[in-house]
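Scroll down for the structure; my scribbles are underneath it.
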Amino acid sequence: MRVMSDNPFMRGEEAGRKVGQAGVRTATETILKHEWFRDTLGAMTRTALNRMVKDRMETPPDYKRFPELEDIYPERLDYLRGFARGAACPVSEAALYSFLKYHVELEWWYRIYQVEGVGDAPPRGGCSGILFVGPDGILGGQSVDSGVPPPPKGYRHRRAVSRTSMRHGPVRYSRQALVKPRTGYMMLSEYYNEKGVAHLCGASAGVFLDEPLEDTWPIMEFPFFRFAESVKHMAQLQRRYVLFSVGKGSNTIYADLTGNAMVVEKCNRRLGIRMIDGGGVLWCTEGYFESTAMYAYARAKRLEYVSRMGRHLGCGDMQYATDCAVRFAHIGELCHEPWGRGFEHMRRALTDHSTFPRAVCRHGGPDTDAYDTSVTLQGWIRDLTRGRQYTRDWIPWKKFCCEVPEKVTQYPVPKVN
């Protein structure tokens, strides 16, 4: 495998060339005139706005509270300087552009859960994740479900048959160049680092009326895998950098090569952690938190949503939340069946075709309610022990995930020190 040293300045320079000076200035003016910002950032004088961004850029983080940022902060500045050179613009313009683009992302994530019809909110679905520690090693399985375009005219829904064994395509060996950061650990694949700390599966769990996301520019997203040495260390980093992760919230299953694992339940400013027990299984599903603190928080926010929007406890949103809990319990039932907790058990669980809303493998059939017409777009099994990923993709309205061969990709194998 080819290993390259990371160079933030060169990465920034390449990105800057793609945007160009005209692109930077056009985007800046467009954002400042947008209805989301014209009365706030857009109402500031350009001098005041540039001064604010410059002060933010030149103010080092609190390294006592966030020690890892002592490595990250200088690299972010190098990236901005490189972007400025690539775009042939002053560093102040590059910094303002970066700051504004980041705020668009923050505002989008916040608004899609505050006001109906704002942004392209992802359709509800039933994404689910499962982890097994068993005779076939450490396995993570994912069912990626979402709303889809309507079927073609004359389409006839057909009942799927559960399958445990899947046909394999040939093994493809990953040939991507690996990027070695100046400090910390590199990623051997898109889901695990060289220490064997992995993101194996997960599901979204957005909460209406959550607090605004934190502005952490110029750091923005924290690179958890660059520093995580184990699942326990990842848990410490997740708690420390809870505000440095943009998104509507998630249930993410992390594991390491020792078999330790956890579900991180996160929604903007809050976080809960569920560690694996002696049974060797973990699971999560979309729209549902199980940890005590996060469950109580999500419940209170949903009641607030019902009250503020003038709805009732039987509305589709609340029914959807209830259905997520039903699916969570059903996946737990599948995980604890005496099927061996290996590959065949994982495939059997991921191709479960129970009636709505329990189904893990979803086909948007006639039994599906109007608020959740989801189809499984992709499924995978990630074998952390051997560094392999088995992926299945939906062929729109021709073959479902559970009917197609698995694409097998071999990545460099992580090793325990």
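Convention: chains lettered A, B, ... in structure tokens order; per-chain residue numbering from 1; ligands numbered from 1 as shown.
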With a distance cut-off of 9 Å and only C-alpha atoms, select the neighbouring residues of Glu214 (chain A), excluding the residue or stretch itself and same-chain residues fewer than 6 positions from it, and output the selection as a PyMOL selection string. chain A and resi 106+243-246+268-269
So that I can check the surroundings of Gln389 (chain A), please list as a PyMOL selection string every protein, DNA and RNA residue that reaches within 6 Å of it, counting only C-alpha atoms and ignoring chain neighbours fewer than 2 positions away. chain A and resi 381-382+408-409
What are the nearest atom pairs, with distances in Å to one decimal, for all residues of region 120-183 of chain A that come at most 12 Å from region 320-342 of chain A, using only C-alpha atoms, set out by chain and rising residue number as CSV?
residue,atom,partner,partner_atom,distance
A:Pro123,CA,A:Tyr320,CA,11.8
A:Arg124,CA,A:Tyr320,CA,8.5
A:Gly125,CA,A:Cys324,CA,9.4
A:Gly126,CA,A:Cys324,CA,7.4
A:Cys127,CA,A:Cys324,CA,9.8
A:Ser128,CA,A:Ile331,CA,8.3
A:Gly129,CA,A:Ile331,CA,8.9
A:Ile130,CA,A:Cys335,CA,7.8
A:Leu131,CA,A:Cys335,CA,8.7
A:Phe132,CA,A:Arg341,CA,5.8
A:Val133,CA,A:Arg341,CA,7.0
A:Gly134,CA,A:Arg341,CA,5.3
A:Pro135,CA,A:Gly342,CA,6.0
A:Asp136,CA,A:Gly342,CA,5.0
A:Gly137,CA,A:Gly342,CA,7.4
A:Ile138,CA,A:Gly342,CA,8.6
A:Leu139,CA,A:Gly342,CA,7.5
A:Gly140,CA,A:Gly342,CA,10.2
A:Gly141,CA,A:Gly342,CA,10.8
A:Gln142,CA,A:Ile331,CA,11.8
A:Ser143,CA,A:Ile331,CA,11.5
A:Thr164,CA,A:Trp339,CA,10.4
A:Ser165,CA,A:Gly342,CA,11.7
Determine which residues of region 70-175 of chain A DSSP labels as strand (DSSP E or B) from the backbone of this structure, then write them out as number ranges by chain. A: 128-134, 137-147, 168-173
Dump of C-alpha atoms for the selected residues, as a PDB file, in the first residue's frame:
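Writing the result to result.pdb gives the following:
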ATOM      1  CA  SER A 128     -30.373  -0.023  11.600  1.00  0.00           C
ATOM      2  CA  GLY A 129     -27.002  -1.202  12.861  1.00  0.00           C
ATOM      3  CA  ILE A 130     -25.874  -4.453  14.512  1.00  0.00           C
ATOM      4  CA  LEU A 131     -22.580  -5.575  16.059  1.00  0.00           C
ATOM      5  CA  PHE A 132     -21.549  -9.131  16.890  1.00  0.00           C
ATOM      6  CA  VAL A 133     -18.450 -10.354  18.670  1.00  0.00           C
ATOM      7  CA  GLY A 134     -18.465 -14.054  17.944  1.00  0.00           C
ATOM      8  CA  GLY A 137     -14.672 -12.197  14.658  1.00  0.00           C
ATOM      9  CA  ILE A 138     -15.907  -8.644  15.137  1.00  0.00           C
ATOM     10  CA  LEU A 139     -18.697  -7.904  12.659  1.00  0.00           C
ATOM     11  CA  GLY A 140     -20.743  -4.783  12.083  1.00  0.00           C
ATOM     12  CA  GLY A 141     -23.861  -4.870   9.914  1.00  0.00           C
ATOM     13  CA  GLN A 142     -25.813  -1.943   8.495  1.00  0.00           C
ATOM     14  CA  SER A 143     -29.118  -1.538   6.709  1.00  0.00           C
ATOM     15  CA  VAL A 144     -29.256   1.898   5.030  1.00  0.00           C
ATOM     16  CA  ASP A 145     -32.892   2.830   4.440  1.00  0.00           C
ATOM     17  CA  SER A 146     -34.474   5.939   2.978  1.00  0.00           C
ATOM     18  CA  GLY A 147     -37.436   7.207   1.019  1.00  0.00           C
ATOM     19  CA  HIS A 168     -20.056 -13.169  -3.411  1.00  0.00           C
ATOM     20  CA  GLY A 169     -18.451 -11.300  -6.218  1.00  0.00           C
ATOM     21  CA  PRO A 170     -14.660 -11.452  -6.593  1.00  0.00           C
ATOM     22  CA  VAL A 171     -12.569  -9.871  -3.840  1.00  0.00           C
ATOM     23  CA  ARG A 172     -11.396  -6.388  -4.793  1.00  0.00           C
ATOM     24  CA  TYR A 173      -8.278  -5.127  -3.050  1.00  0.00           C
TER      25      TYR A 173
END
Surrounding residues of Gly184 (chain A) excluding itself and chain neighbours under 6 positions, 9 Å, only C-alpha atoms, as JSON, numbers by chain: {"A": [71, 225, 226, 227, 228]}
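Here CA of Ile219 (chain A) and CA of Met234 (chain A) stand 18.5 Å from one another.
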Which residues are near Arg17 (chain A)? Cut-off 12 Å, only C-alpha atoms, ignore same chain within fewer than 5 positions. Put them as a PyMOL selection string. chain A and resi 10-12+22-24+82-89+94
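Comparing A:Gly206, A:Pro218, A:Pro223, A:Gly154 by their smallest distance to Asp55 (chain A), the closest is A:Pro218 (using only C-alpha atoms).
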List as a compact mmCIF listing (two decimals) with N, CA and C atoms, in the first residue's frame the protein and nucleic acid residues near Lys54 (chain A), meaning an atom at most 9 Å away when only C-alpha atoms are counted, but skip any in the same chain fewer than 3 places from it.
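The result, stored in part-v6.txt:
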# COMPACT_ATOMS: atom_id res chain seq x y z
N LEU A 49 -16.95 42.47 9.87
CA LEU A 49 -17.04 41.03 9.63
C LEU A 49 -15.66 40.41 9.45
N ASN A 50 -14.81 41.07 8.66
CA ASN A 50 -13.46 40.57 8.45
C ASN A 50 -12.65 40.57 9.75
N ARG A 51 -12.86 41.62 10.57
CA ARG A 51 -12.15 41.69 11.84
C ARG A 51 -12.58 40.54 12.76
N MET A 57 -9.84 33.41 13.77
CA MET A 57 -8.79 32.60 13.15
C MET A 57 -7.50 32.66 13.95
N GLU A 58 -7.22 33.80 14.55
CA GLU A 58 -5.94 34.00 15.22
C GLU A 58 -6.00 33.76 16.72
N THR A 59 -7.13 33.27 17.22
CA THR A 59 -7.26 32.97 18.65
C THR A 59 -7.09 31.48 18.88
N SER A 92 -7.68 36.76 4.15
CA SER A 92 -8.91 37.25 4.79
C SER A 92 -10.15 36.82 4.01
N ALA A 95 -10.61 33.03 4.50
CA ALA A 95 -11.14 32.75 5.84
C ALA A 95 -12.62 33.09 5.93
N LEU A 96 -13.04 34.23 5.37
CA LEU A 96 -14.44 34.62 5.40
C LEU A 96 -15.28 33.61 4.62
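Minimum atom-to-atom distances from A:Lys180, A:Asn251, A:His157, A:Glu211 to Lys398 (chain A) were compared using only C-alpha atoms, and the lowest value belongs to A:His157.
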In Å, with one decimal, what is the gap from CA of Trp108 (chain A) to CA of Arg56 (chain A)? 21.8 Å
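The two atoms in question, CA of Gly314 (chain A) and CA of Val375 (chain A), are spaced 24.3 Å apart.
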Would you return as a PDB file with C-alpha atoms, in the first residue's frame the members of region 201-318 of chain A that DSSP assigns to helix (DSSP H, G or I) on this structure's backbone?
ATOM      1  CA  PHE A 224     -11.793  11.376  16.223  1.00  0.00           C
ATOM      2  CA  PHE A 225     -10.083   8.448  14.487  1.00  0.00           C
ATOM      3  CA  ARG A 226      -6.819  10.332  14.202  1.00  0.00           C
ATOM      4  CA  PHE A 227      -6.405  10.141  17.976  1.00  0.00           C
ATOM      5  CA  VAL A 231     -13.062   2.251  22.203  1.00  0.00           C
ATOM      6  CA  LYS A 232     -12.576   3.527  25.761  1.00  0.00           C
ATOM      7  CA  HIS A 233     -10.355   6.315  24.460  1.00  0.00           C
ATOM      8  CA  MET A 234     -12.916   7.069  21.728  1.00  0.00           C
ATOM      9  CA  ALA A 235     -15.566   7.458  24.439  1.00  0.00           C
ATOM     10  CA  GLN A 236     -13.353  10.020  26.213  1.00  0.00           C
ATOM     11  CA  LEU A 237     -12.820  11.935  22.961  1.00  0.00           C
ATOM     12  CA  GLN A 238     -16.541  11.864  22.130  1.00  0.00           C
ATOM     13  CA  ARG A 239     -17.357  13.409  25.500  1.00  0.00           C
ATOM     14  CA  ARG A 240     -14.606  16.012  25.212  1.00  0.00           C
ATOM     15  CA  VAL A 242     -19.204  16.620  21.711  1.00  0.00           C
ATOM     16  CA  LEU A 243     -19.690  20.118  20.253  1.00  0.00           C
ATOM     17  CA  PHE A 244     -17.276  19.486  17.376  1.00  0.00           C
ATOM     18  CA  THR A 292     -31.387   6.871  30.002  1.00  0.00           C
ATOM     19  CA  ALA A 293     -30.338  10.493  29.576  1.00  0.00           C
ATOM     20  CA  MET A 294     -30.804  10.591  25.790  1.00  0.00           C
ATOM     21  CA  TYR A 295     -34.118   8.737  25.889  1.00  0.00           C
ATOM     22  CA  ALA A 296     -35.524  11.221  28.398  1.00  0.00           C
ATOM     23  CA  TYR A 297     -34.171  14.173  26.420  1.00  0.00           C
ATOM     24  CA  ALA A 298     -35.625  12.986  23.103  1.00  0.00           C
ATOM     25  CA  ARG A 299     -39.004  12.295  24.708  1.00  0.00           C
ATOM     26  CA  ALA A 300     -39.165  15.786  26.225  1.00  0.00           C
ATOM     27  CA  LYS A 301     -38.221  17.390  22.894  1.00  0.00           C
ATOM     28  CA  ARG A 302     -40.880  15.464  21.001  1.00  0.00           C
ATOM     29  CA  LEU A 303     -43.527  16.558  23.481  1.00  0.00           C
ATOM     30  CA  GLU A 304     -42.295  20.127  23.064  1.00  0.00           C
ATOM     31  CA  TYR A 305     -42.609  19.718  19.307  1.00  0.00           C
ATOM     32  CA  VAL A 306     -46.190  18.465  19.593  1.00  0.00           C
ATOM     33  CA  SER A 307     -47.125  21.389  21.830  1.00  0.00           C
ATOM     34  CA  ARG A 308     -45.417  24.063  19.741  1.00  0.00           C
ATOM     35  CA  MET A 309     -46.740  22.783  16.425  1.00  0.00           C
ATOM     36  CA  GLY A 316     -47.484  10.802  12.399  1.00  0.00           C
ATOM     37  CA  ASP A 317     -44.308  12.166  13.982  1.00  0.00           C
ATOM     38  CA  MET A 318     -45.077  10.637  17.350  1.00  0.00           C
TER      39      MET A 318
END
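Residue nearest Arg65 (chain A) within the list A:Tyr155, A:Tyr241, A:Tyr254, A:Phe37: A:Tyr241 [criterion: smallest interatomic distance, only C-alpha atoms].
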For Phe99 (chain A), the nearest of the candidates A:Ala27, A:Leu257, A:Leu377, A:Ala43, counting only C-alpha atoms: A:Ala27
Could I get the residues of region 256-318 of chain A with an atom no further than 12 Å from an atom of region 360-368 of chain A, each paired with its nearest atom pair and that distance in Å to one decimal, using only C-alpha atoms, sorted by chain and residue number, as a tab-separated table?
residue	atom	partner	partner_atom	distance
A:Trp283	CA	A:Val360	CA	11.7
A:Cys284	CA	A:Val360	CA	11.2
A:Thr285	CA	A:Val360	CA	9.2
A:Glu286	CA	A:Val360	CA	10.9
I need the residues from that last selection saved to file as a PDB file, in the first residue's frame (with C-alpha atoms), if you can.
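After the write, again-v4.pdb holds the following:
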ATOM      1  CA  TRP A 283     -27.663  -2.730  18.055  1.00  0.00           C
ATOM      2  CA  CYS A 284     -29.295   0.591  17.246  1.00  0.00           C
ATOM      3  CA  THR A 285     -31.943   1.950  14.922  1.00  0.00           C
ATOM      4  CA  GLU A 286     -33.086   5.218  13.437  1.00  0.00           C
TER       5      GLU A 286
END
For Pro212 (chain A), find every residue with an atom within 12 Å (counting only C-alpha atoms), except residues of its own chain fewer than 5 positions away, and show them as a ChimeraX atom specification. /A:103,105-114,207,243,246-248,267-270
Write the residues you've just listed into a file as a PDB file, in the first residue's frame, and include N, CA and C atoms for each of them.
ATOM      1  N   HIS A 103     -21.094  28.127   8.272  1.00  0.00           N
ATOM      2  CA  HIS A 103     -22.322  28.575   8.908  1.00  0.00           C
ATOM      3  C   HIS A 103     -23.562  28.172   8.115  1.00  0.00           C
ATOM      4  N   GLU A 105     -23.821  25.341   6.605  1.00  0.00           N
ATOM      5  CA  GLU A 105     -24.030  23.953   7.018  1.00  0.00           C
ATOM      6  C   GLU A 105     -24.681  23.875   8.399  1.00  0.00           C
ATOM      7  N   LEU A 106     -24.182  24.662   9.346  1.00  0.00           N
ATOM      8  CA  LEU A 106     -24.786  24.675  10.685  1.00  0.00           C
ATOM      9  C   LEU A 106     -26.250  25.071  10.621  1.00  0.00           C
ATOM     10  N   GLU A 107     -26.524  26.128   9.874  1.00  0.00           N
ATOM     11  CA  GLU A 107     -27.891  26.637   9.803  1.00  0.00           C
ATOM     12  C   GLU A 107     -28.815  25.625   9.141  1.00  0.00           C
ATOM     13  N   TRP A 108     -28.330  24.958   8.112  1.00  0.00           N
ATOM     14  CA  TRP A 108     -29.156  23.965   7.421  1.00  0.00           C
ATOM     15  C   TRP A 108     -29.533  22.827   8.362  1.00  0.00           C
ATOM     16  N   TRP A 109     -28.533  22.278   9.061  1.00  0.00           N
ATOM     17  CA  TRP A 109     -28.823  21.177   9.986  1.00  0.00           C
ATOM     18  C   TRP A 109     -29.814  21.607  11.065  1.00  0.00           C
ATOM     19  N   TYR A 110     -29.688  22.813  11.547  1.00  0.00           N
ATOM     20  CA  TYR A 110     -30.582  23.292  12.599  1.00  0.00           C
ATOM     21  C   TYR A 110     -31.999  23.488  12.068  1.00  0.00           C
ATOM     22  N   ARG A 111     -32.133  24.135  10.928  1.00  0.00           N
ATOM     23  CA  ARG A 111     -33.453  24.524  10.442  1.00  0.00           C
ATOM     24  C   ARG A 111     -34.302  23.354   9.960  1.00  0.00           C
ATOM     25  N   ILE A 112     -33.694  22.320   9.421  1.00  0.00           N
ATOM     26  CA  ILE A 112     -34.526  21.225   8.940  1.00  0.00           C
ATOM     27  C   ILE A 112     -35.263  20.536  10.088  1.00  0.00           C
ATOM     28  N   TYR A 113     -34.809  20.748  11.318  1.00  0.00           N
ATOM     29  CA  TYR A 113     -35.500  20.165  12.460  1.00  0.00           C
ATOM     30  C   TYR A 113     -36.254  21.201  13.294  1.00  0.00           C
ATOM     31  N   GLN A 114     -36.298  22.428  12.829  1.00  0.00           N
ATOM     32  CA  GLN A 114     -37.036  23.460  13.553  1.00  0.00           C
ATOM     33  C   GLN A 114     -38.291  23.900  12.817  1.00  0.00           C
ATOM     34  N   VAL A 207     -33.617  15.106  16.395  1.00  0.00           N
ATOM     35  CA  VAL A 207     -34.567  15.555  17.410  1.00  0.00           C
ATOM     36  C   VAL A 207     -35.062  16.943  17.040  1.00  0.00           C
ATOM     37  N   LEU A 243     -19.204  18.974  21.021  1.00  0.00           N
ATOM     38  CA  LEU A 243     -19.690  20.118  20.253  1.00  0.00           C
ATOM     39  C   LEU A 243     -19.035  20.223  18.881  1.00  0.00           C
ATOM     40  N   VAL A 246     -20.915  18.048  13.638  1.00  0.00           N
ATOM     41  CA  VAL A 246     -22.120  18.630  13.049  1.00  0.00           C
ATOM     42  C   VAL A 246     -23.048  17.527  12.580  1.00  0.00           C
ATOM     43  N   GLY A 247     -24.335  17.740  12.728  1.00  0.00           N
ATOM     44  CA  GLY A 247     -25.295  16.772  12.204  1.00  0.00           C
ATOM     45  C   GLY A 247     -26.556  16.740  13.024  1.00  0.00           C
ATOM     46  N   LYS A 248     -27.531  16.030  12.510  1.00  0.00           N
ATOM     47  CA  LYS A 248     -28.824  15.965  13.167  1.00  0.00           C
ATOM     48  C   LYS A 248     -28.820  15.030  14.365  1.00  0.00           C
ATOM     49  N   CYS A 267     -26.958  13.920  19.805  1.00  0.00           N
ATOM     50  CA  CYS A 267     -27.810  14.883  19.119  1.00  0.00           C
ATOM     51  C   CYS A 267     -27.305  16.279  19.443  1.00  0.00           C
ATOM     52  N   ASN A 268     -26.502  16.821  18.548  1.00  0.00           N
ATOM     53  CA  ASN A 268     -25.972  18.172  18.679  1.00  0.00           C
ATOM     54  C   ASN A 268     -25.186  18.358  19.961  1.00  0.00           C
ATOM     55  N   ARG A 269     -25.782  18.873  21.013  1.00  0.00           N
ATOM     56  CA  ARG A 269     -25.018  19.213  22.212  1.00  0.00           C
ATOM     57  C   ARG A 269     -24.988  18.132  23.274  1.00  0.00           C
ATOM     58  N   ARG A 270     -25.715  17.036  23.060  1.00  0.00           N
ATOM     59  CA  ARG A 270     -25.811  16.017  24.105  1.00  0.00           C
ATOM     60  C   ARG A 270     -25.325  14.674  23.591  1.00  0.00           C
TER      61      ARG A 270
END
